[in-house]
Amino acid sequence: MERKHMSAFALYKTLSTDLPPPATKPSLQVADKKKRKKENGANKVNTVKAQLKPERKKVRKKLLKSAKKEESLKGMTEDEECVNGAGEALDAMLADLGKVNNSRERASKLFQWLINPIPAKSFFRETWEKKPILVQRKTPDYYKGLFSTAEFDRILRQEDVQYGVNLDVTSYSNGKRETHNPPGRALPFTVWDFYESGCSLRMLNPQAFSSTVWNVLSILQEQFGSMAGANVYLTPPGTQGFAPHYDDIEAFVVQLEGKKHWRVYNPRTEDEVLPVLSSANFDQADIGKPILEVVLEAGDLLYFPRGFIHQGDCLPDAHSLHITISSHQKNSWGELLQKLVPAALEIAMEEDVEFRQGLPLDYLTYMGVQNSDKDDPRRTKFFSRIESLMKKLITYAPVDAAVDQKARDFLHDCLPPMLTPEELASSVQGASTRWERGQVLDIGAQITTQTRVRILRAGCARLCSDGEAVHLYYTTDNSRVYHKEEPKSFEIKSEHTDAMEFLIHSYPKFVTVGSFPCDSADDRIALAELLFERGIIHTAEPL
């Protein structure tokens, strides 16, 4: 008897719900989305509307045909370049940006391209953290080359994509949001079956697999002064993958292919304005009427601040591919004060006897919740003392040290810089030292006092002190996978700290090694060699 084919989607529904979930790592974009995944569960998939399946099959064939066409045009031997090559305009723009001498200017220009035609200054003054904004361009190819369904398919075939770590399979139907991640590697045979059955696909860290996304985010992180992350969402026609919710990031929804119907809602209360954490899923009855309802088409952009509730669903006639670029997660004044206040209190208690004086012997008789309604003059005096100490605390606040703690966290979050051809040729990564014809060639290129150098990026290195020693934290050895590596740093000798500050503040100018403010030429060269070997500086001309 011929065995009836059972799809991966149908097979998944028969799996025991007792299977242990796969181990997960933090998402590069929103770490606490793991909480939502846990709440939503990974049990069974709702049956998809039968009338949408023929349309999804048609779309899927079209997408796979497109992917194969791109493969044949570009060849699959160059990995990531094979799919990104379709976006000549974006590639050309990124190449032009690589010629901009200052990485901060480079970031500013790229961000302006992202939100064009809105001027960046007016965006940050009038819109950032305040309200959603929509850019409709009627230019489908505006973001072409950033990411595509063909590249999504290429990544599934060629990379080690793991369910729950790099990819989520989701659905939202009849008011119920579900995650359907099997254990193990996400292979095209199963993933595309989920998609055809009406499930949305979310790639959690595309920058780990796509050089173009890596390049864009590594540039933008200098514009935001905080981590720039991304997720890619591929949704079949006529479906919705996620329930209404708000996030804890500033979101730039970039529509790449197809179209998607979006509804955005105001925060429900003042407590949900610029929230610290993302929300759980909401019922439709909880969120009121949208303040913005729009269909995003390829080339369009939608921005909304953290705390604005949103949901997106696909129309029956087209799939949707979008990438959400995010930033400013856990980057508020409050997060800085969480580092500053404990440190200020520790210093105050060491240096000021007022903070070490004992509490009144009878304070428990008139303070505390059970005594909060008492009209007792001792309470007034107690609050007055607290207020006096709080005002005094600011004089002990190590603000710069707390900012450096935030900076260390940021540098750990950062993507490593993607080098331009010129930077590659003039840095340790592109050094010509090699094994050839049975011997090592081009070894021992000398750095001299006449060699001109500069740091690789404006924000790629930072001096920080822990009170006892000075360390240099840097991003050039970071991984494209979020926090895969420990923070990168090494101790800077006291005789080198002035020279390191000089190098950082000289950017973007190249300076000679001989101009370093060190005690001797040997010290200058030793520091330059150390920084060159770590990939933190590059030379004006290849060594």
# chains A, B, ... in the order shown; residues from 1 in each chain; ligands from 1
call {"tool": "select_by_dssp", "arguments": {"residues": "segment 158-395 of chain A", "states": "strand (DSSP E)", "output": "JSON, numbers by chain"}}
result
{"A": [167, 168, 169, 170, 171, 172, 173, 176, 177, 178, 179, 200, 201, 202, 203, 229, 230, 231, 232, 233, 234, 235, 250, 251, 252, 253, 254, 255, 256, 257, 258, 259, 260, 261, 262, 263, 264, 265, 292, 293, 294, 295, 296, 297, 301, 302, 303, 304, 309, 310, 311, 312, 313, 320, 321, 322, 323, 324, 325, 326, 327]}
call {"tool": "closest_residue", "arguments": {"among": "A:Ala499, A:Cys199, A:Ala521, A:Leu97", "to": "Asn215 of chain A", "atoms": "only C-alpha atoms"}}
result
A:Leu97
call {"tool": "residues_around", "arguments": {"residues": "Ala318 of chain A", "least_positions_apart": "3", "cutoff": "7 Å", "atoms": "only C-alpha atoms", "output": "list in words"}}
result
Pro237, Gly258, Lys259 and Leu315 of chain A
call {"tool": "write_last_selection", "arguments": {"atoms": "N, CA, C and O atoms", "output": "tab-separated table (two decimals), in the first residue's frame"}}
result
chain	number	residue	atom	x	y	z
A	237	PRO	N	0.95	34.72	2.50
A	237	PRO	CA	-0.25	35.51	2.21
A	237	PRO	C	-1.41	35.13	3.13
A	237	PRO	O	-1.59	33.96	3.49
A	258	GLY	N	6.85	42.20	-1.19
A	258	GLY	CA	5.42	42.03	-0.94
A	258	GLY	C	4.83	43.22	-0.21
A	258	GLY	O	5.28	44.36	-0.34
A	259	LYS	N	3.84	42.94	0.63
A	259	LYS	CA	3.19	44.01	1.40
A	259	LYS	C	2.59	43.44	2.67
A	259	LYS	O	2.32	42.24	2.76
A	315	LEU	N	-1.94	40.46	3.55
A	315	LEU	CA	-3.12	40.43	2.70
A	315	LEU	C	-3.13	39.13	1.90
A	315	LEU	O	-2.08	38.50	1.70
call {"tool": "closest_residue", "arguments": {"among": "A:Phe308, A:Phe410, A:Tyr172, A:Tyr163", "to": "Tyr265 of chain A", "atoms": "only C-alpha atoms"}}
result
A:Phe308
call {"tool": "closest_residue", "arguments": {"among": "A:Ser494, A:Leu220, A:Glu129, A:Phe209", "to": "Val161 of chain A", "atoms": "only C-alpha atoms"}}
result
A:Phe209
call {"tool": "atom_distance", "arguments": {"atom1": "atom CA of His310 of chain A", "atom2": "atom CA of Phe282 of chain A"}}
result
10.0 Å
call {"tool": "select_by_dssp", "arguments": {"residues": "segment 225-448 of chain A", "states": "helix (DSSP H, G or I)", "output": "ChimeraX atom specification"}}
result
/A:270-272,284-286,333-351,353-355,363-365,369-371,377-396,399-413,421-425,428-430
call {"tool": "residues_around", "arguments": {"residues": "Gln207 of chain A", "least_positions_apart": "2", "cutoff": "8 Å", "atoms": "only C-alpha atoms", "output": "number ranges by chain"}}
result
A: 205, 209-214, 217, 230, 480-481
call {"tool": "residues_around", "arguments": {"residues": "Asp409 of chain A", "least_positions_apart": "6", "cutoff": "12 Å", "atoms": "only C-alpha atoms", "output": "PyMOL selection string"}}
result
chain A and resi 225-227+329-331+335-336+339+402-403+462+464+473-475+483+486-488
call {"tool": "residues_around", "arguments": {"residues": "Asp376 of chain A", "least_positions_apart": "3", "cutoff": "8 Å", "atoms": "only C-alpha atoms", "output": "PyMOL selection string"}}
result
chain A and resi 366+379-380
call {"tool": "closest_residue", "arguments": {"among": "A:His245, A:Val369, A:Lys392, A:His322", "to": "Phe355 of chain A", "atoms": "only C-alpha atoms"}}
result
A:Lys392
call {"tool": "residues_around", "arguments": {"residues": "Val254 of chain A", "least_positions_apart": "4", "cutoff": "8 Å", "atoms": "only C-alpha atoms", "output": "PDB file with N, CA, C and O atoms, in the first residue's frame"}}
result
ATOM      1  N   TYR A 143      15.131  49.484  -1.069  1.00  0.00           N
ATOM      2  CA  TYR A 143      15.961  48.722  -0.128  1.00  0.00           C
ATOM      3  C   TYR A 143      16.500  47.428  -0.750  1.00  0.00           C
ATOM      4  O   TYR A 143      17.002  46.561  -0.026  1.00  0.00           O
ATOM      5  N   GLY A 299       9.887  48.932  -0.251  1.00  0.00           N
ATOM      6  CA  GLY A 299      10.473  50.265  -0.327  1.00  0.00           C
ATOM      7  C   GLY A 299       9.960  51.221   0.722  1.00  0.00           C
ATOM      8  O   GLY A 299      10.492  52.320   0.877  1.00  0.00           O
ATOM      9  N   ASP A 300       8.922  50.819   1.477  1.00  0.00           N
ATOM     10  CA  ASP A 300       8.348  51.678   2.519  1.00  0.00           C
ATOM     11  C   ASP A 300       9.041  51.439   3.857  1.00  0.00           C
ATOM     12  O   ASP A 300       9.681  50.406   4.085  1.00  0.00           O
ATOM     13  N   LEU A 301       8.850  52.415   4.761  1.00  0.00           N
ATOM     14  CA  LEU A 301       9.432  52.344   6.100  1.00  0.00           C
ATOM     15  C   LEU A 301       8.394  52.773   7.128  1.00  0.00           C
ATOM     16  O   LEU A 301       7.661  53.741   6.914  1.00  0.00           O
ATOM     17  N   LEU A 302       8.336  52.039   8.233  1.00  0.00           N
ATOM     18  CA  LEU A 302       7.485  52.406   9.364  1.00  0.00           C
ATOM     19  C   LEU A 302       8.354  52.406  10.622  1.00  0.00           C
ATOM     20  O   LEU A 302       9.021  51.427  10.914  1.00  0.00           O
ATOM     21  N   HIS A 322       9.956  41.524   5.626  1.00  0.00           N
ATOM     22  CA  HIS A 322      10.479  42.787   6.150  1.00  0.00           C
ATOM     23  C   HIS A 322      11.578  42.503   7.163  1.00  0.00           C
ATOM     24  O   HIS A 322      11.662  41.422   7.729  1.00  0.00           O
ATOM     25  N   ILE A 323      12.427  43.499   7.347  1.00  0.00           N
ATOM     26  CA  ILE A 323      13.459  43.442   8.375  1.00  0.00           C
ATOM     27  C   ILE A 323      13.192  44.575   9.352  1.00  0.00           C
ATOM     28  O   ILE A 323      12.922  45.704   8.947  1.00  0.00           O
ATOM     29  N   THR A 324      13.194  44.247  10.631  1.00  0.00           N
ATOM     30  CA  THR A 324      13.054  45.268  11.668  1.00  0.00           C
ATOM     31  C   THR A 324      14.435  45.572  12.230  1.00  0.00           C
ATOM     32  O   THR A 324      15.086  44.700  12.815  1.00  0.00           O
ATOM     33  N   ILE A 325      14.870  46.802  12.009  1.00  0.00           N
ATOM     34  CA  ILE A 325      16.133  47.277  12.574  1.00  0.00           C
ATOM     35  C   ILE A 325      15.817  47.949  13.900  1.00  0.00           C
ATOM     36  O   ILE A 325      14.897  48.760  13.991  1.00  0.00           O
TER      37      ILE A 325
END
call {"tool": "closest_residue", "arguments": {"among": "A:Arg434, A:Tyr396, A:Leu274, A:Val513", "to": "Pro342 of chain A", "atoms": "only C-alpha atoms"}}
result
A:Tyr396
call {"tool": "atom_distance", "arguments": {"atom1": "atom CA of Gly198 of chain A", "atom2": "atom CA of Pro236 of chain A"}}
result
5.9 Å
call {"tool": "closest_residue", "arguments": {"among": "A:Arg378, A:Ala431, A:Ser320, A:Ala348", "to": "Thr365 of chain A", "atoms": "only C-alpha atoms"}}
result
A:Arg378
